[in-house]
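Step one of this worksheet: look at the structure below.
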Amino acid sequence: MVRINTQDFDESITFCGRGDEKNNFLMELYLKNEQDRSVMFNVYDENVGQFNKKIDSAFQSKQKFYDSKKESIAWSEDFDKYAKAMLDFFHYSKKELYPVVHRMRSGENVTPKLPADFYSFRKDINFNNKELTNFSPFVRYLSNLMNNLSANEKWEMRSAVDKAFLSSSAKLHIADSLFTNEKIKNTVLDNIAFAYLLEDQNIINNQKFLDKYHALSTDQNQHNEIKKIGDAIQLLKQNNPLPNQKLMDLNGTTVDVKSIINKKTVLFFWTKNLESHFVAAHKRAMELQKKHPEYDFISICVDQNETKWKSMLKNYRFSNIREYKVENFDSVKEHWVVNKIHRTLVLNADGTINNAFVSLFDISFESNLN
């Protein structure tokens with residue numbers, strides 16, 4: 001049984017019944033970590049001595065809490081793996097974040113000043129423990145570790161696209177060196193590949209990244225899925241025809257997207273679940289349409305419910321924006337690689353692609369409207 005005070009949700013969850021003491025311990029430790037996180041950012045501004053002093057103090061307080069509960073509840077060794085991991089990996093994540101966040105906030109590269117034993121805890125981590133593979137404190141730590149190890153000040157002058165490629169490629173090799181368990185290594189490699197391929201893309205870098213991925217992963221099934229995304233991205237190169245998809249107009253008529261492109265066009269997406277974005281995107285499109293009347297601006301709702309789509313539009317007056325809805329979002333997502341709602345496609349008058357990976361809200365978006 002779970003008891004919740006709905007006025008103070010997180011702080012009030014308590015469990016009763018079988019296993020209630022262990023569940024309550026995990027919830028209390030989670031809340032302690034969240035409270036710690038909420039006041040943590042200023043600590044990253046400190047020099048390494050003060051940083052270590054402050055995070056060690058916070059850790060020791062939670063260590064005492066953990067020790068007392070472990071003794072009073074007398075939980076099993078199996079449970080202790082997760083309880084200790086929840087305690088330790090939150091602390092370890094701070095260490096991995098410190099040089100990255102410190103540099104972001106202060107501009108100082110603190111790495112050369114770190115004590116020789118700053119990361120000594122790493123040697124005690126079993127990265128091949130299958131029981132922790134999907135445990136969120138470990139997954140979060142692993143992400144912070146990868147970001148830390150893949151950071152390279154030599155890339156500072158490179159473009160954001162090139163830095164993403166270099167960083168993600170570095171993460172592939174880090175994962176290959178950390179994990180000896182083939183299943184775990186493949187899972188981590190897949191996650192790195194998905195995260196990279198589903199970001200805004202420089203098409204040229206994709207094949208180089210995929211070659212690195214395929215050389216390291218032995219999971220042929222995932223190869224097929226990763227390859228499918230990579231192949232779809234390659235089809236969205238500049239001057240390629242936009243892969244055809246079915247859309248529905250406000251009359252309920254199904255049309256091919258290629259049949260509605262008769263001038264230079266901007267396609268943007270929205271969902272009723274993000275109303276603020278829906279409004280902001282339409283307003284931005286109307287502003288741009290006034291400045292660039294040679295362009296059509298086509299709004300595409302990714303939701304399936306036709307009634308709710310039309311009802312949403314009736315509440316607003318968006319002039320000169322052509323409204324459509326996807327017939328099959330899974331197909332649109334697969335063929336146009338639509339992975340986030342800010343995604344925008346700029347098309348030439350003949351339906352070929354000008355830029356398939358951009359956002360209406362990019363500072364330099366108008367440079368695509370030539």
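We label chains A, B, ... in the order they appear in the structure tokens, count residues from 1 in each chain, and number ligands from 1 in the order shown.
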
Close residues, Leu114 of chain A itself excluded, 10 Å, only C-alpha atoms, min 5 positions apart in chain, as a PyMOL selection string: chain A and resi 47-49+99+119

Considering only C-alpha atoms, give me a table of residues in segment 147-191 of chain A that are at most 9 Å from segment 128-138 of chain A, with the closest atom pair and distance in Å for each, as CSV.
residue,atom,partner,partner_atom,distance
A:Leu178,CA,A:Asn128,CA,8.3
A:Phe179,CA,A:Asn128,CA,5.9
A:Thr180,CA,A:Asn128,CA,6.6
A:Asn181,CA,A:Asn128,CA,5.7
A:Lys183,CA,A:Lys130,CA,8.9
A:Ile184,CA,A:Asn128,CA,6.8
A:Lys185,CA,A:Asn128,CA,8.4
A:Thr187,CA,A:Thr133,CA,8.9

Test item: residues at most 12 Å from Leu274 of chain A, only C-alpha atoms, excluding those fewer than 6 positions along its chain, as a PyMOL selection string: chain A and resi 280-281+301-303+312+340-342

Test item, strand (DSSP E) assignment across segment 1-203 of chain A, answer as a PyMOL selection string: chain A and resi 2-3+14-15

Would you save the residues from that selection as a PDB file, in the first residue's frame, using C-alpha atoms?
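What follows is the written file selection38.pdb:
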ATOM      1  CA  VAL A   2       1.185   3.521  -0.792  1.00  0.00           C
ATOM      2  CA  ARG A   3       0.076   6.646   1.100  1.00  0.00           C
ATOM      3  CA  THR A  14       5.212   6.395   2.348  1.00  0.00           C
ATOM      4  CA  PHE A  15       4.861   2.639   1.897  1.00  0.00           C
TER       5      PHE A  15
END

Contact residues around Trp155 of chain A with only C-alpha atoms at 10 Å, ignoring same-chain residues under 6 positions, as a PyMOL selection string: chain A and resi 162-164+166-167

Based on the selection just made, write C-alpha atoms of those residues as a compact mmCIF listing (two decimals), in the first residue's frame.
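Contents of the output file result.txt:
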# COMPACT_ATOMS: atom_id res chain seq x y z
CA ASP A 162 31.65 18.48 -35.51
CA LYS A 163 31.93 18.51 -31.71
CA ALA A 164 28.86 16.27 -31.47
CA LEU A 166 33.80 13.79 -32.21
CA SER A 167 32.29 13.49 -28.73

Residue neighbourhood segment 291-294 of chain A, 9 Å, only C-alpha atoms, exclusion window fewer than 6 positions, as a CSV table (one decimal) with N, CA and C atoms, in the first residue's frame:
chain,number,residue,atom,x,y,z
A,263,LYS,N,5.6,25.6,-54.2
A,263,LYS,CA,6.6,26.7,-54.1
A,263,LYS,C,7.5,26.4,-53.0
A,264,LYS,N,8.5,27.2,-52.7
A,264,LYS,CA,9.4,26.9,-51.6
A,264,LYS,C,8.6,26.9,-50.3
A,265,THR,N,8.9,25.9,-49.5
A,265,THR,CA,8.0,25.5,-48.4
A,265,THR,C,8.8,25.2,-47.1
A,369,LEU,N,16.4,30.5,-45.8
A,369,LEU,CA,15.3,31.0,-46.7
A,369,LEU,C,15.9,31.9,-47.7

Shell around Phe165 of chain A at 12 Å using only C-alpha atoms, local window under 6 positions removed, as a VMD selection string: chain A and resid 150 to 151 155 158 to 159 171 to 172 192 to 193 195 to 197 199 to 210 212 to 213

Could you turn the residues from that selection into a file that holds C-alpha atoms, as a PDB file, in the first residue's frame?
ATOM      1  CA  SER A 150      34.779  12.488 -23.984  1.00  0.00           C
ATOM      2  CA  ALA A 151      35.287  16.204 -23.285  1.00  0.00           C
ATOM      3  CA  TRP A 155      37.555  20.776 -29.999  1.00  0.00           C
ATOM      4  CA  ARG A 158      35.106  23.262 -33.915  1.00  0.00           C
ATOM      5  CA  SER A 159      31.498  23.674 -34.990  1.00  0.00           C
ATOM      6  CA  LYS A 171      32.021   7.681 -26.336  1.00  0.00           C
ATOM      7  CA  LEU A 172      31.861   4.617 -28.585  1.00  0.00           C
ATOM      8  CA  ILE A 192      25.145   6.212 -27.829  1.00  0.00           C
ATOM      9  CA  ALA A 193      24.286   5.596 -31.488  1.00  0.00           C
ATOM     10  CA  ALA A 195      21.355   9.550 -29.102  1.00  0.00           C
ATOM     11  CA  TYR A 196      23.725  10.737 -31.830  1.00  0.00           C
ATOM     12  CA  LEU A 197      21.659   9.761 -34.867  1.00  0.00           C
ATOM     13  CA  GLU A 199      20.008  14.659 -32.975  1.00  0.00           C
ATOM     14  CA  ASP A 200      20.089  17.314 -35.684  1.00  0.00           C
ATOM     15  CA  GLN A 201      22.468  16.028 -38.264  1.00  0.00           C
ATOM     16  CA  ASN A 202      25.343  16.893 -40.495  1.00  0.00           C
ATOM     17  CA  ILE A 203      24.746  14.185 -43.088  1.00  0.00           C
ATOM     18  CA  ILE A 204      28.442  13.874 -44.004  1.00  0.00           C
ATOM     19  CA  ASN A 205      29.441  12.759 -40.505  1.00  0.00           C
ATOM     20  CA  ASN A 206      26.808  10.039 -40.199  1.00  0.00           C
ATOM     21  CA  GLN A 207      28.487   7.378 -42.299  1.00  0.00           C
ATOM     22  CA  LYS A 208      31.792   7.882 -40.501  1.00  0.00           C
ATOM     23  CA  PHE A 209      30.007   7.496 -37.170  1.00  0.00           C
ATOM     24  CA  LEU A 210      28.109   4.399 -38.329  1.00  0.00           C
ATOM     25  CA  LYS A 212      32.817   3.245 -36.043  1.00  0.00           C
ATOM     26  CA  TYR A 213      29.656   1.886 -34.433  1.00  0.00           C
TER      27      TYR A 213
END

All alpha helix (DSSP H) positions in segment 88-247 of chain A, as a ChimeraX atom specification: /A:88-106,136-150,160-178,182-197,203-216,220-234
